[in-house]
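Visitor: Take a look at the following structure, please.
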Amino acid sequence: MAIFFKKPNGYNTPFNPQATESYRKDTQRPLIARLAAQAILWIGLPLAGQTSQPVWTVQDSHQVTQVKGSVATAVSADGEVYIAGRSNWYNWPAPTNTIGNISNNQFLVSKLDSSGRSIYATAIGGATIAILKLDGAGGLYIRGFAVADEFGTTPGSYRITDASSNSSFLCKLRASDGVILFCALFGIDGPNTGAAFSVDSAGAIYFAGPASSLAAPTPGAFTFGSRGIEITKVDATASTVLWRAEFSGSDGGFASANGIATDRQANVWIAGTVSEHDFPTTPDALFPKYPQSSSSIDFWTGFLAKLSASGTALLYATYTGPLEEFKSMSLDGSGNIHTLSLRNNVPFVRKFDAAGKTVLYDRALPGPGLVVANVEVDDPGFVTVLGSTQNVNFATQRSVRECSLTEAAAGSSDAVLVRIGPDGELLESTFFLGLGSLVWLPEPALFAQTSKAYVIAWSNRTPGALPQSFQLELLQLGPDSSAGDGTKLACIGSAATMTGAPLVKGEIVSLFGTGLGPQSPAIGQPGTDNRFPNLLGGTQVTFDGLPAPLLYASDTQINAIVPWTLTGSSATKVCVFFQSVATNCVTASLTGAAPGIFQLASGYAAVINQDGTVNSPDNPAHAGSTVYLYATGLGPLSPPLTDGSIVPLAIPTQIDPVEVIFTIGQGSGQRRAIGQVLHTGPAPLEVAGLFQVDLKIFAPVFIPFPGQRWNVTIVVDLPDNGRVLSNSLPIALAP
């Protein structure tokens, strides 16, 4: 949560009574807690107009099997499940089809119906790692790496003669019964699990990846520059390489292809990331020149290119935009191009027309903290994004369920679903699975159409019978007209960290959703009783029926304080009332302490230097001085404080011991120092719930190398001898 400070008149240290009173009365500088309350780190993204599309919900969810290890998965339009992995990763049925030497490195592919019943297994000798892909026409492709002398190729299939011991391969099975249609071996530099991969309507196979050091372009194929990117077309039987084109710039920069697809004329579209200023572009390019950057450091851009069906000509190529890292690309039924890319770590979905010359929409996906796991685009152009987040302030719209982040351990993730309409309208952004401890290993399988979707999710929701196993769950998603516009209250968590963890009595928390309060934000102020209100802007929050002090209330965010007087010890029911109408309630776990350090807009920890100024890289704290670090969730006090009250100058005692750790660097080069804690407790003359840790800066201070910075972490020692750590944030230090 962003917090902004302004130096108060006459302010020296929080424990100077006269300075502190001046600090409190300075009307130009609100209390830290009030500013924390006002700062909205992420607001909900508005829907692009009204939509008649119903929200999607999980219509069915059930375990299909248990697995060990990183098995690959795929799911069909009918909810049939395909898994692939080593022999000790699953209780495989006896193989009905076999190829190669299966005595050492046996890799199996199995099909299960939607209930988890095994239909067949096919064994591929020599394979060590692979991924699966269904082509929609009854074909199942397996590609990966194999031990060459144990791998068997089908008669007539491509096999490189000087294959290494770790050679890339491609097999195709008949999805219905697992019969091997072909297996081909391409060598160490051939198409592998990291290469972009596509199959056209005639069954021809395309790969895009780094250029091979062993294979040259085929005669007549397009070549340009240093030829860092390779595009390969293989016939439908994997017996012949039809053509191999290679291109990139020539100035020694970076070039990578991350997506490949074919249009109805079998022209080949490629998308990727490049840092080359002379990457080949065509005169009609949307952005023919390398984008300029105000940054003094090297940066990169995306590219979009189209090769002719014969691979002999570059029909179109354009740069896309600065600081863009492409992840995937798909074509809809009209040939429009949908790309997923990252810009400053924010995922964007962009839709180009079929010529690649017009951007039809460019939408940032909701955030913060969205990690995209899979994307599907159907023929009408509906985009389904499957992902996960650790952030309680993930921006929801028409959410169909609440998050489970406050019921899980710190650092857990929850599954999220985002749907975008053909015109770029945000149809839905929702938590949808509620696993708490979500596991995506490897990327989850997703099949999505306009009317339904199937998802293969890994979870540890239910302990497995197999040691160190995970549950493989099949989820069917689809429209639910009865869901209306979904839930109102989506998630709750620490106002300092914005990540999932159990709540603490007396902690400043933030609640997120839609329709939670007034459109114009209401800011809490202490009343004549010197306490913050329990009703603000028509909004009220209760914990097990106890009204909570409110610091801020708006349509999408509420900041409140968990009542110190809660009697429960393990969980609490949190409800929101707006204009006396109740929203849905969420259940949150409770714990003894979950320290969270507040963060400045600069990204640095919320720290005041000894002279009363804000700590920053331009204003570091010096060795031997005292600084004041602000946090919440540090646990119980003695004597306890009244809910919503202003902390008196006679400060209560922090019960659980607190330690502060400073670190710099990473790995074996990391340095560590223990801070000298002078005092820990509620911040004086602030709202009860905001904690202050007074630290003596150690001397001498190690001078960071360029790019390094000191980080500060709070550690709370619990009565049961356990320890909990806060988030780690940078602090500016100097000798």
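In the structure tokens, chains take letters A, B, ... by order of appearance, with residues numbered from 1 within each chain and ligands from 1 in the order shown.
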As JSON, numbers by chain, please: the residues near Ala699 of chain A (cut-off 10 Å, only C-alpha atoms, same-chain neighbours under 3 positions excluded).
Guide: {"A": [622, 623, 624, 625, 696, 702, 734, 735]}
Visitor: Name the residues in contact with Thr262 of chain A at a cut-off of 8 Å, using only C-alpha atoms, excluding same-chain residues fewer than 2 positions from it; report them as a PDB file with all heavy atoms, in the first residue's frame.
Guide:
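Output file result.pdb is given in full below:
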ATOM      1  N   SER A 198       2.775 -25.528 -33.702  1.00  0.00           N
ATOM      2  CA  SER A 198       1.443 -25.379 -34.275  1.00  0.00           C
ATOM      3  C   SER A 198       1.213 -26.462 -35.315  1.00  0.00           C
ATOM      4  O   SER A 198       2.164 -26.990 -35.903  1.00  0.00           O
ATOM      5  CB  SER A 198       1.282 -23.990 -34.910  1.00  0.00           C
ATOM      6  OG  SER A 198      -0.013 -23.812 -35.433  1.00  0.00           O
ATOM      7  N   VAL A 199      -0.053 -26.784 -35.556  1.00  0.00           N
ATOM      8  CA  VAL A 199      -0.457 -27.749 -36.586  1.00  0.00           C
ATOM      9  C   VAL A 199      -1.539 -27.097 -37.428  1.00  0.00           C
ATOM     10  O   VAL A 199      -2.498 -26.534 -36.884  1.00  0.00           O
ATOM     11  CB  VAL A 199      -0.991 -29.055 -35.952  1.00  0.00           C
ATOM     12  CG1 VAL A 199      -1.408 -30.038 -37.032  1.00  0.00           C
ATOM     13  CG2 VAL A 199       0.055 -29.675 -35.030  1.00  0.00           C
ATOM     14  N   ASP A 200      -1.408 -27.136 -38.767  1.00  0.00           N
ATOM     15  CA  ASP A 200      -2.432 -26.518 -39.608  1.00  0.00           C
ATOM     16  C   ASP A 200      -3.550 -27.507 -39.915  1.00  0.00           C
ATOM     17  O   ASP A 200      -3.530 -28.661 -39.467  1.00  0.00           O
ATOM     18  CB  ASP A 200      -1.815 -25.920 -40.881  1.00  0.00           C
ATOM     19  CG  ASP A 200      -1.259 -26.962 -41.847  1.00  0.00           C
ATOM     20  OD1 ASP A 200      -1.619 -28.156 -41.738  1.00  0.00           O
ATOM     21  OD2 ASP A 200      -0.459 -26.575 -42.725  1.00  0.00           O
ATOM     22  N   ILE A 260       3.517 -19.196 -32.670  1.00  0.00           N
ATOM     23  CA  ILE A 260       3.417 -19.506 -34.089  1.00  0.00           C
ATOM     24  C   ILE A 260       2.010 -20.026 -34.371  1.00  0.00           C
ATOM     25  O   ILE A 260       1.422 -20.738 -33.555  1.00  0.00           O
ATOM     26  CB  ILE A 260       4.491 -20.535 -34.519  1.00  0.00           C
ATOM     27  CG1 ILE A 260       4.501 -20.723 -36.040  1.00  0.00           C
ATOM     28  CG2 ILE A 260       4.327 -21.847 -33.799  1.00  0.00           C
ATOM     29  CD1 ILE A 260       5.708 -21.494 -36.541  1.00  0.00           C
ATOM     30  N   ARG A 264      -5.747 -19.459 -42.837  1.00  0.00           N
ATOM     31  CA  ARG A 264      -6.445 -20.386 -43.726  1.00  0.00           C
ATOM     32  C   ARG A 264      -5.711 -20.599 -45.041  1.00  0.00           C
ATOM     33  O   ARG A 264      -5.968 -21.571 -45.751  1.00  0.00           O
ATOM     34  CB  ARG A 264      -7.861 -19.876 -43.986  1.00  0.00           C
ATOM     35  CG  ARG A 264      -8.741 -19.926 -42.740  1.00  0.00           C
ATOM     36  CD  ARG A 264     -10.136 -19.397 -43.010  1.00  0.00           C
ATOM     37  NE  ARG A 264     -10.959 -19.463 -41.805  1.00  0.00           N
ATOM     38  CZ  ARG A 264     -12.206 -19.018 -41.740  1.00  0.00           C
ATOM     39  NH1 ARG A 264     -12.770 -18.442 -42.800  1.00  0.00           N
ATOM     40  NH2 ARG A 264     -12.892 -19.119 -40.615  1.00  0.00           N
ATOM     41  N   GLN A 265      -4.797 -19.704 -45.385  1.00  0.00           N
ATOM     42  CA  GLN A 265      -3.993 -19.854 -46.597  1.00  0.00           C
ATOM     43  C   GLN A 265      -2.664 -20.532 -46.297  1.00  0.00           C
ATOM     44  O   GLN A 265      -1.798 -20.609 -47.174  1.00  0.00           O
ATOM     45  CB  GLN A 265      -3.734 -18.484 -47.239  1.00  0.00           C
ATOM     46  CG  GLN A 265      -4.970 -17.821 -47.832  1.00  0.00           C
ATOM     47  CD  GLN A 265      -5.897 -17.253 -46.761  1.00  0.00           C
ATOM     48  OE1 GLN A 265      -5.430 -16.648 -45.785  1.00  0.00           O
ATOM     49  NE2 GLN A 265      -7.198 -17.451 -46.925  1.00  0.00           N
ATOM     50  N   ALA A 266      -2.504 -21.029 -45.070  1.00  0.00           N
ATOM     51  CA  ALA A 266      -1.282 -21.703 -44.613  1.00  0.00           C
ATOM     52  C   ALA A 266      -0.092 -20.759 -44.525  1.00  0.00           C
ATOM     53  O   ALA A 266       1.058 -21.213 -44.451  1.00  0.00           O
ATOM     54  CB  ALA A 266      -0.938 -22.913 -45.481  1.00  0.00           C
ATOM     55  N   ASN A 267      -0.338 -19.445 -44.560  1.00  0.00           N
ATOM     56  CA  ASN A 267       0.727 -18.515 -44.222  1.00  0.00           C
ATOM     57  C   ASN A 267       1.042 -18.652 -42.735  1.00  0.00           C
ATOM     58  O   ASN A 267       0.169 -18.988 -41.929  1.00  0.00           O
ATOM     59  CB  ASN A 267       0.313 -17.081 -44.537  1.00  0.00           C
ATOM     60  CG  ASN A 267       0.064 -16.861 -46.010  1.00  0.00           C
ATOM     61  OD1 ASN A 267       0.860 -17.284 -46.851  1.00  0.00           O
ATOM     62  ND2 ASN A 267      -1.046 -16.211 -46.344  1.00  0.00           N
ATOM     63  N   VAL A 268       2.275 -18.372 -42.367  1.00  0.00           N
ATOM     64  CA  VAL A 268       2.740 -18.646 -41.014  1.00  0.00           C
ATOM     65  C   VAL A 268       2.969 -17.325 -40.268  1.00  0.00           C
ATOM     66  O   VAL A 268       3.777 -16.493 -40.693  1.00  0.00           O
ATOM     67  CB  VAL A 268       4.049 -19.460 -41.034  1.00  0.00           C
ATOM     68  CG1 VAL A 268       4.454 -19.841 -39.616  1.00  0.00           C
ATOM     69  CG2 VAL A 268       3.887 -20.702 -41.891  1.00  0.00           C
ATOM     70  N   TRP A 269       2.250 -17.149 -39.164  1.00  0.00           N
ATOM     71  CA  TRP A 269       2.434 -15.985 -38.292  1.00  0.00           C
ATOM     72  C   TRP A 269       3.366 -16.364 -37.147  1.00  0.00           C
ATOM     73  O   TRP A 269       3.232 -17.438 -36.561  1.00  0.00           O
ATOM     74  CB  TRP A 269       1.103 -15.513 -37.722  1.00  0.00           C
ATOM     75  CG  TRP A 269       0.250 -14.752 -38.693  1.00  0.00           C
ATOM     76  CD1 TRP A 269      -0.762 -15.248 -39.455  1.00  0.00           C
ATOM     77  CD2 TRP A 269       0.359 -13.365 -39.006  1.00  0.00           C
ATOM     78  NE1 TRP A 269      -1.308 -14.253 -40.228  1.00  0.00           N
ATOM     79  CE2 TRP A 269      -0.637 -13.083 -39.973  1.00  0.00           C
ATOM     80  CE3 TRP A 269       1.179 -12.338 -38.572  1.00  0.00           C
ATOM     81  CZ2 TRP A 269      -0.827 -11.814 -40.503  1.00  0.00           C
ATOM     82  CZ3 TRP A 269       1.006 -11.063 -39.088  1.00  0.00           C
ATOM     83  CH2 TRP A 269       0.004 -10.810 -40.050  1.00  0.00           C
ATOM     84  N   LEU A 331      -4.806 -17.407 -33.224  1.00  0.00           N
ATOM     85  CA  LEU A 331      -5.688 -16.836 -34.239  1.00  0.00           C
ATOM     86  C   LEU A 331      -7.115 -17.285 -33.968  1.00  0.00           C
ATOM     87  O   LEU A 331      -7.348 -18.445 -33.586  1.00  0.00           O
ATOM     88  CB  LEU A 331      -5.279 -17.281 -35.646  1.00  0.00           C
ATOM     89  CG  LEU A 331      -4.265 -16.395 -36.391  1.00  0.00           C
ATOM     90  CD1 LEU A 331      -2.959 -16.295 -35.621  1.00  0.00           C
ATOM     91  CD2 LEU A 331      -4.005 -16.954 -37.789  1.00  0.00           C
TER      92      LEU A 331
END
Visitor: Based on DSSP run over this structure's backbone, return all residues of segment 225-450 of chain A in strand (DSSP E or B), as a ChimeraX atom specification.
Guide: /A:229-234,241-247,255-262,268-274,301-307,314-322,324-331,337-343,346-352,359-364,371-377,383-389,391,397,401,413-420,426-431,437-439,446-448
Visitor: Determine, counting only C-alpha atoms, which protein, DNA and RNA residues have an atom within 10 Å of an atom of Leu140 of chain A; residues of the same chain fewer than 6 positions away are not included. Present the result as a compact mmCIF listing (two decimals) with N, CA and C atoms, in the first residue's frame.
Guide:
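New file part_15.txt:
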# COMPACT_ATOMS: atom_id res chain seq x y z
N ALA A 74 -3.25 -32.69 -20.76
CA ALA A 74 -4.06 -32.07 -21.81
C ALA A 74 -5.50 -32.45 -21.54
N TYR A 82 -5.70 -36.34 -20.56
CA TYR A 82 -4.50 -37.03 -21.01
C TYR A 82 -3.36 -36.63 -20.09
N VAL A 109 2.03 -42.40 -21.80
CA VAL A 109 0.94 -41.47 -22.09
C VAL A 109 -0.36 -42.22 -21.86
N LEU A 132 2.25 -32.25 -23.91
CA LEU A 132 1.18 -32.78 -24.74
C LEU A 132 0.45 -31.65 -25.45
N LYS A 133 -0.12 -31.98 -26.63
CA LYS A 133 -0.94 -31.01 -27.36
C LYS A 133 -1.96 -31.77 -28.19
N LEU A 134 -3.22 -31.40 -28.08
CA LEU A 134 -4.30 -31.94 -28.90
C LEU A 134 -4.53 -31.00 -30.08
N CYS A 171 6.14 -37.19 -31.38
CA CYS A 171 5.29 -38.33 -31.67
C CYS A 171 3.85 -37.86 -31.82
N LYS A 172 3.08 -38.59 -32.62
CA LYS A 172 1.65 -38.34 -32.75
C LYS A 172 0.91 -39.64 -32.51
N LEU A 173 -0.06 -39.59 -31.60
CA LEU A 173 -0.92 -40.73 -31.31
C LEU A 173 -2.33 -40.46 -31.81
N ARG A 174 -3.04 -41.53 -32.09
CA ARG A 174 -4.47 -41.39 -32.32
C ARG A 174 -5.10 -41.25 -30.95
N ALA A 175 -5.73 -40.11 -30.70
CA ALA A 175 -6.18 -39.78 -29.35
C ALA A 175 -7.19 -40.78 -28.81
N SER A 176 -7.96 -41.40 -29.68
CA SER A 176 -9.03 -42.28 -29.23
C SER A 176 -8.52 -43.56 -28.59
N GLY A 178 -4.73 -44.40 -28.60
CA GLY A 178 -3.31 -44.38 -28.29
C GLY A 178 -2.41 -45.03 -29.30
N ILE A 180 0.14 -45.45 -32.14
CA ILE A 180 1.22 -44.55 -32.55
C ILE A 180 1.15 -44.33 -34.05
N LEU A 181 0.91 -43.10 -34.47
CA LEU A 181 0.85 -42.76 -35.89
C LEU A 181 2.24 -42.43 -36.43
Visitor: Measuring between only C-alpha atoms, which one of A:Gly311, A:Thr450, A:Phe279, A:Ser412 shows the shortest distance to Glu376 of chain A?
Guide: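 Ranked by minimum distance to Glu376 of chain A, first place goes to A:Thr450.
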Visitor: In Å, how far is it from atom CA of Ile714 of chain A to atom CA of Ile608 of chain A?
Guide: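 Those two atoms sit 16.0 Å apart.
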Visitor: Using DSSP secondary structure from the backbone, list all helix (DSSP H, G or I) positions within segment 356-522 of chain A, as a list in words.
Guide: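 So, restricting segment 356-522 of chain A to helix (DSSP H, G or I), we get Leu405, Thr406, Glu407, Ser481, Ser482 and Ala483 of chain A.
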Visitor: In Å, rounded to a single decimal, give me how far atom CA of Pro521 of chain A is from atom CA of Arg398 of chain A.
Guide: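 Rounded to one decimal, the two atoms are 20.8 Å apart.
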Visitor: Pick the closest to Ala121 of chain A from A:Trp92, A:Trp564, A:Phe598, A:Phe577: which is it, counting only C-alpha atoms?
Guide: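 Smallest distance to Ala121 of chain A is found for A:Trp92.
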Visitor: Write out as a ChimeraX atom specification each polymer residue whose atoms come within 9 Å of Ile229 of chain A, counting only C-alpha atoms; drop sequence neighbours fewer than 5 positions from it.
Guide: /A:208-212,245-248,255-257
Visitor: Could you write those residues out with C-alpha atoms, as a tab-separated table (two decimals), in the first residue's frame?
Guide:
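Ended up saving to part36.tsv:
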chain	number	residue	atom	x	y	z
A	208	ALA	CA	9.52	-21.70	-34.07
A	209	GLY	CA	12.57	-21.40	-31.88
A	210	PRO	CA	16.28	-20.63	-31.77
A	211	ALA	CA	18.18	-21.48	-34.95
A	212	SER	CA	20.01	-24.80	-34.96
A	245	ALA	CA	13.62	-20.45	-42.76
A	246	GLU	CA	15.97	-18.43	-40.54
A	247	PHE	CA	15.95	-14.71	-39.82
A	248	SER	CA	16.65	-11.98	-37.27
A	255	ALA	CA	15.73	-12.44	-30.80
A	256	SER	CA	13.24	-15.07	-29.67
A	257	ALA	CA	10.06	-16.53	-31.18
Visitor: Report as a list in words all protein, DNA and RNA residues lying within 12 Å of Ser310 of chain A, evaluated on only C-alpha atoms, omitting residues in the same chain fewer than 6 positions from it.
Guide: Thr218, Pro219, Gly220, Ala221, Phe222, Ile231, Thr232, Lys233, Val234, Leu242, Trp243, Arg244, Ala245, Gln265, Ala266, Asn267 and Val268 of chain A
Visitor: What is the distance, in Å and to one decimal place, between atom CA of Pro533 of chain A and atom CA of Pro549 of chain A?
Guide: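 Answer for the atom CA of Pro533 of chain A to atom CA of Pro549 of chain A separation: 5.5 Å.
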Visitor: If we count only C-alpha atoms and set the cut-off at 10 Å, which residues sit around Gly517 of chain A, ignoring sequence neighbours fewer than 5 positions away in its own chain? Please answer as a list in words.
Guide: Ala522, Leu536, Gly537, Gly538, Thr539, Gln540, Tyr552, Ala553, Ser554, Asp555, Thr556, Gln557, Ile558, Val576, Phe577, Phe578 and Gln579 of chain A
Visitor: Name all residues at most 9 Å from Phe512 of chain A (count only C-alpha atoms; drop same-chain ones fewer than 5 positions away) and give them as a VMD selection string.
Guide: chain A and resid 43 to 44 392 to 396 488 to 493 555 to 558
Visitor: Now that the selection is made, can you save its residues with C-alpha atoms as a PDB file, in the first residue's frame?
Guide:
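Once everything was written out, this is part07.pdb:
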ATOM      1  CA  ILE A  43      -8.759  -0.159  -8.351  1.00  0.00           C
ATOM      2  CA  GLY A  44     -11.257  -2.337 -10.172  1.00  0.00           C
ATOM      3  CA  VAL A 392      -5.779  -9.975  -2.030  1.00  0.00           C
ATOM      4  CA  ASN A 393      -6.247  -6.764  -4.050  1.00  0.00           C
ATOM      5  CA  PHE A 394      -6.546  -8.603  -7.359  1.00  0.00           C
ATOM      6  CA  ALA A 395      -9.086  -6.492  -9.263  1.00  0.00           C
ATOM      7  CA  THR A 396     -12.299  -8.479  -9.589  1.00  0.00           C
ATOM      8  CA  LYS A 488     -19.490  -8.244  -3.817  1.00  0.00           C
ATOM      9  CA  LEU A 489     -16.781  -8.970  -1.238  1.00  0.00           C
ATOM     10  CA  ALA A 490     -13.948 -10.802  -3.008  1.00  0.00           C
ATOM     11  CA  CYS A 491     -10.978 -10.812  -0.625  1.00  0.00           C
ATOM     12  CA  ILE A 492      -9.440  -9.427   2.554  1.00  0.00           C
ATOM     13  CA  GLY A 493      -5.847  -9.173   3.740  1.00  0.00           C
ATOM     14  CA  ASP A 555     -17.007   1.125  -3.915  1.00  0.00           C
ATOM     15  CA  THR A 556     -14.020  -1.197  -4.417  1.00  0.00           C
ATOM     16  CA  GLN A 557     -11.985  -0.977  -1.193  1.00  0.00           C
ATOM     17  CA  ILE A 558     -12.493  -0.696   2.549  1.00  0.00           C
TER      18      ILE A 558
END
Visitor: Point out the residue among A:Pro54, A:Pro291, A:Gly513, A:Gly225 with the least atom-to-atom distance to Phe303 of chain A, counting only C-alpha atoms.
Guide: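 Closest to Phe303 of chain A of all the choices is A:Pro291.
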